[in-house]
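Colleague: Have a peek at work-v2.cif (mmCIF, C-alpha atoms).
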```cif
data_entry
loop_
_atom_site.label_atom_id
_atom_site.label_comp_id
_atom_site.auth_asym_id
_atom_site.auth_seq_id
_atom_site.Cartn_x
_atom_site.Cartn_y
_atom_site.Cartn_z
CA MET A 17 117.12 109.06 123.59
CA ARG A 18 114.76 108.33 126.45
CA TRP A 19 117.56 108.64 129.01
CA THR A 20 118.03 112.29 128.08
CA ALA A 21 115.03 113.34 130.17
CA ALA A 22 116.53 111.75 133.28
CA ALA A 23 120.03 113.02 132.53
CA ALA A 24 118.76 116.54 131.88
CA SER A 25 116.65 116.73 135.03
CA LEU A 26 119.09 115.11 137.49
CA PRO A 27 121.28 118.23 137.85
CA PHE A 28 118.24 120.21 139.01
CA LEU A 29 117.64 117.70 141.79
CA LEU A 30 121.30 117.85 142.79
CA ILE A 31 121.25 121.65 142.78
CA PHE A 32 118.23 121.63 145.08
CA VAL A 33 119.88 119.22 147.52
CA ILE A 34 123.13 121.23 147.47
CA SER A 35 121.28 124.52 148.00
CA LYS A 36 119.43 123.03 150.99
CA TRP A 37 122.50 121.18 152.32
CA ASP A 38 122.56 123.10 155.60
CA ASP A 39 118.89 122.30 156.23
CA LEU A 40 118.94 118.65 155.09
CA ALA A 41 122.35 117.05 155.55
CA VAL A 42 124.05 118.97 158.35
CA PRO A 43 121.45 117.99 160.97
CA LEU A 44 121.97 114.32 159.98
CA PHE A 45 125.69 114.68 160.66
CA HIS A 46 124.87 115.91 164.17
CA GLY A 47 122.50 113.01 164.84
CA ARG A 48 119.27 114.97 164.50
CA PRO A 49 116.59 114.70 161.82
CA PRO A 50 116.11 117.65 159.46
CA SER A 51 113.32 120.07 160.31
CA ALA A 52 109.78 119.29 159.20
CA HIS A 53 109.83 122.35 156.94
CA SER A 54 113.02 121.17 155.21
CA LEU A 55 111.58 117.68 154.68
CA TYR A 56 108.34 119.19 153.37
CA ASP A 57 110.35 121.27 150.87
CA LEU A 58 112.38 118.20 149.85
CA PHE A 59 109.32 116.01 149.28
CA GLY A 60 107.58 118.82 147.38
CA TYR A 61 110.61 119.23 145.14
CA LEU A 62 110.90 115.43 144.68
CA LEU A 63 107.25 115.33 143.63
CA PHE A 64 107.80 118.20 141.19
CA TRP A 65 110.98 116.53 139.89
CA SER A 66 109.20 113.16 139.47
CA ILE A 67 106.37 114.73 137.49
CA SER A 68 108.87 116.64 135.35
CA LEU A 69 110.84 113.46 134.73
CA PHE A 70 107.68 111.57 133.80
CA VAL A 71 106.62 114.27 131.33
CA GLY A 72 110.16 114.51 129.96
CA LEU A 73 110.35 110.76 129.37
CA HIS A 74 107.06 110.79 127.50
CA LEU A 75 108.13 113.75 125.38
CA ALA A 76 111.41 111.98 124.61
CA LYS A 77 109.47 108.87 123.56
CA ILE A 78 107.24 110.94 121.27
CA LEU A 79 110.30 112.59 119.71
CA ALA A 80 112.13 109.27 119.31
CA ASP A 81 109.09 107.67 117.67
CA ALA A 82 108.71 110.65 115.34
CA LEU A 83 112.32 110.23 114.22
CA LEU A 84 112.47 106.44 114.09
CA GLU A 85 109.10 105.58 112.53
CA PRO A 86 109.92 106.99 109.06
CA LEU A 87 113.33 105.30 109.17
CA LYS A 88 111.79 101.95 110.09
CA ASP A 89 109.30 102.37 107.22
CA MET A 90 112.17 103.12 104.83
CA MET A 91 114.07 100.05 106.03
CA VAL A 92 111.06 97.86 105.22
CA LYS A 93 110.61 99.49 101.79
CA VAL A 94 114.33 99.19 100.96
CA SER A 95 114.29 95.48 101.86
CA LEU A 96 111.30 95.03 99.51
CA ILE A 97 113.16 96.91 96.76
CA GLU A 98 116.18 94.69 97.41
CA LYS A 99 113.94 91.67 96.78
CA GLY A 100 112.92 93.07 93.38
CA GLU A 101 109.67 94.87 94.19
CA PHE A 102 110.55 98.11 92.45
CA LYS A 103 107.02 99.56 92.54
CA VAL A 104 107.30 100.09 96.30
CA ARG A 105 107.55 103.77 97.26
CA VAL A 106 108.33 105.56 100.50
CA ASN A 107 105.61 107.96 101.61
CA VAL A 108 107.40 111.30 101.96
CA VAL A 109 105.58 113.74 104.24
CA SER A 110 108.36 116.09 105.34
CA HIS A 111 110.89 118.33 103.64
CA ASP A 112 113.76 117.68 106.07
CA GLU A 113 116.67 115.26 105.84
CA ILE A 114 114.42 112.25 106.40
CA GLY A 115 112.15 113.43 103.59
CA ALA A 116 115.18 113.90 101.33
CA LEU A 117 116.28 110.35 102.16
CA GLY A 118 112.79 109.09 101.28
CA ASP A 119 112.95 110.93 97.93
CA ALA A 120 116.35 109.35 97.26
CA VAL A 121 114.97 105.87 98.01
CA ASN A 122 112.07 106.53 95.61
CA ARG A 123 114.46 107.72 92.87
CA MET A 124 116.62 104.66 93.45
CA ALA A 125 113.59 102.37 93.07
CA GLU A 126 112.57 104.14 89.85
CA GLY A 127 116.09 103.83 88.47
CA LEU A 128 116.28 100.15 89.35
CA ALA A 129 112.87 99.54 87.76
CA LYS A 130 113.99 101.28 84.55
CA ARG A 131 117.26 99.35 84.56
CA GLU A 132 115.43 96.06 85.00
CA GLN A 133 112.99 96.94 82.20
CA LEU A 134 115.87 97.88 79.91
CA GLU A 135 117.75 94.70 80.83
CA LYS A 136 114.74 92.52 80.07
CA ALA A 137 114.18 94.23 76.71
CA PHE A 138 117.85 94.03 75.86
CA ARG A 139 118.07 90.33 76.72
CA ARG A 140 115.00 89.67 74.60
CA TYR A 141 116.56 91.16 71.44
CA HIS A 142 120.29 90.43 71.86
CA ASP A 143 122.58 87.57 72.70
CA LYS A 144 122.67 86.85 76.44
CA SER A 145 126.47 87.17 76.74
CA VAL A 146 126.44 90.57 75.02
CA ALA A 147 123.62 91.75 77.24
CA GLU A 148 125.43 90.62 80.39
CA LYS A 149 128.67 92.30 79.29
CA ILE A 150 126.98 95.62 78.62
CA MET A 151 124.76 95.51 81.73
CA SER A 152 127.72 94.65 83.97
CA SER A 153 129.90 97.52 82.73
CA SER A 154 130.65 100.17 85.33
CA GLY A 155 129.99 103.11 83.04
CA ASP A 156 133.62 104.29 83.23
CA GLU A 157 134.28 103.30 79.64
CA GLU A 158 134.10 105.75 76.79
CA PRO A 159 130.46 106.44 75.90
CA THR A 160 129.31 104.64 72.80
CA SER A 161 126.01 104.09 71.14
CA LEU A 162 124.22 100.84 71.80
CA PRO A 163 124.47 99.53 68.20
CA SER A 164 128.23 100.18 68.04
CA ALA A 165 128.70 98.44 71.41
CA CYS A 166 126.84 95.40 70.06
CA ARG A 167 128.94 95.33 66.87
CA ARG A 168 132.17 95.21 68.92
CA TRP A 169 131.10 91.93 70.53
#
```
Could you quickly redo this structure as structure tokens?
Modeller:
Amino acid sequence: MRWTAAAASLPFLLIFVISKWDDLAVPLFHGRPPSAHSLYDLFGYLLFWSISLFVGLHLAKILADALLEPLKDMMVKVSLIEKGEFKVRVNVVSHDEIGALGDAVNRMAEGLAKREQLEKAFRRYHDKSVAEKIMSSSGDEEPTSLPSACRRW
């Protein structure tokens, strides 16, 4: 994303050089240096272009950091959730797509925590093979009550 500032500003430099072609390049083809006024204009524009590029690069960095920092934070939190730390939550501060993704990660962590709690309770009170069979089901089967599912096994 940082290259966008350079890519966006380069056409302006090219337009300036093309618009001043008769003053800058044509004298060089005839073996003479460009006029002092033309060189002064060129260096002034190069200075302006350099400052604009510098500011543009810094603004692009600020924008990139603003977009990537929440995603990096979510990646860390998701890896902790993957390791079984279901109490970890993403701090959601915006109501855009990144905020919606953070809410989804938080809902996922809550669902996994509830599933783990249910699994632990279920394993405590029922046979381990029955618990594993029920917990590993995809949910595509016909809905049944928990006691009737236990009686079938």
Colleague: To one decimal in Å, tell me the separation between atom CA of Met90 of chain A and atom CA of Leu117 of chain A.
Modeller: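 So the two atoms, atom CA of Met90 of chain A and atom CA of Leu117 of chain A, lie 8.7 Å apart.
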Colleague: Run the PyMOL selection byres ((chain A and resi 28-43) around 10) on the file and write out the hits as a ChimeraX atom specification.
Modeller: /A:23-27,44-51,53-55,57-58,61-62,64-66
Colleague: Please report the interatomic distance between atom CA of Ala76 of chain A and atom CA of Val92 of chain A in Å with one decimal.
Modeller: 24.0 Å
Colleague: Take atom CA of Lys77 of chain A and atom CA of Val108 of chain A and report the distance between them in Å, one decimal.
Modeller: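 Here the two named atoms are 21.8 Å from each other.
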Colleague: Point out the residue among A:Leu87, A:Ala125, A:Ala80, A:Leu73 with the least atom-to-atom distance to Val104 of chain A, counting all atoms listed in the file.
Modeller: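 Ranking A:Leu87, A:Ala125, A:Ala80, A:Leu73 by distance to Val104 of chain A, first place goes to A:Ala125.
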Colleague: In the coordinates of the file, take the point (106.6, 99.5, 92.4) and a cut-off of 10 Å; then, counting all atoms listed in the file, name each qualifying protein, DNA or RNA residue as an NGL selection string.
Modeller: :A and (96-97 or 100-105 or 122 or 125-126 or 129)
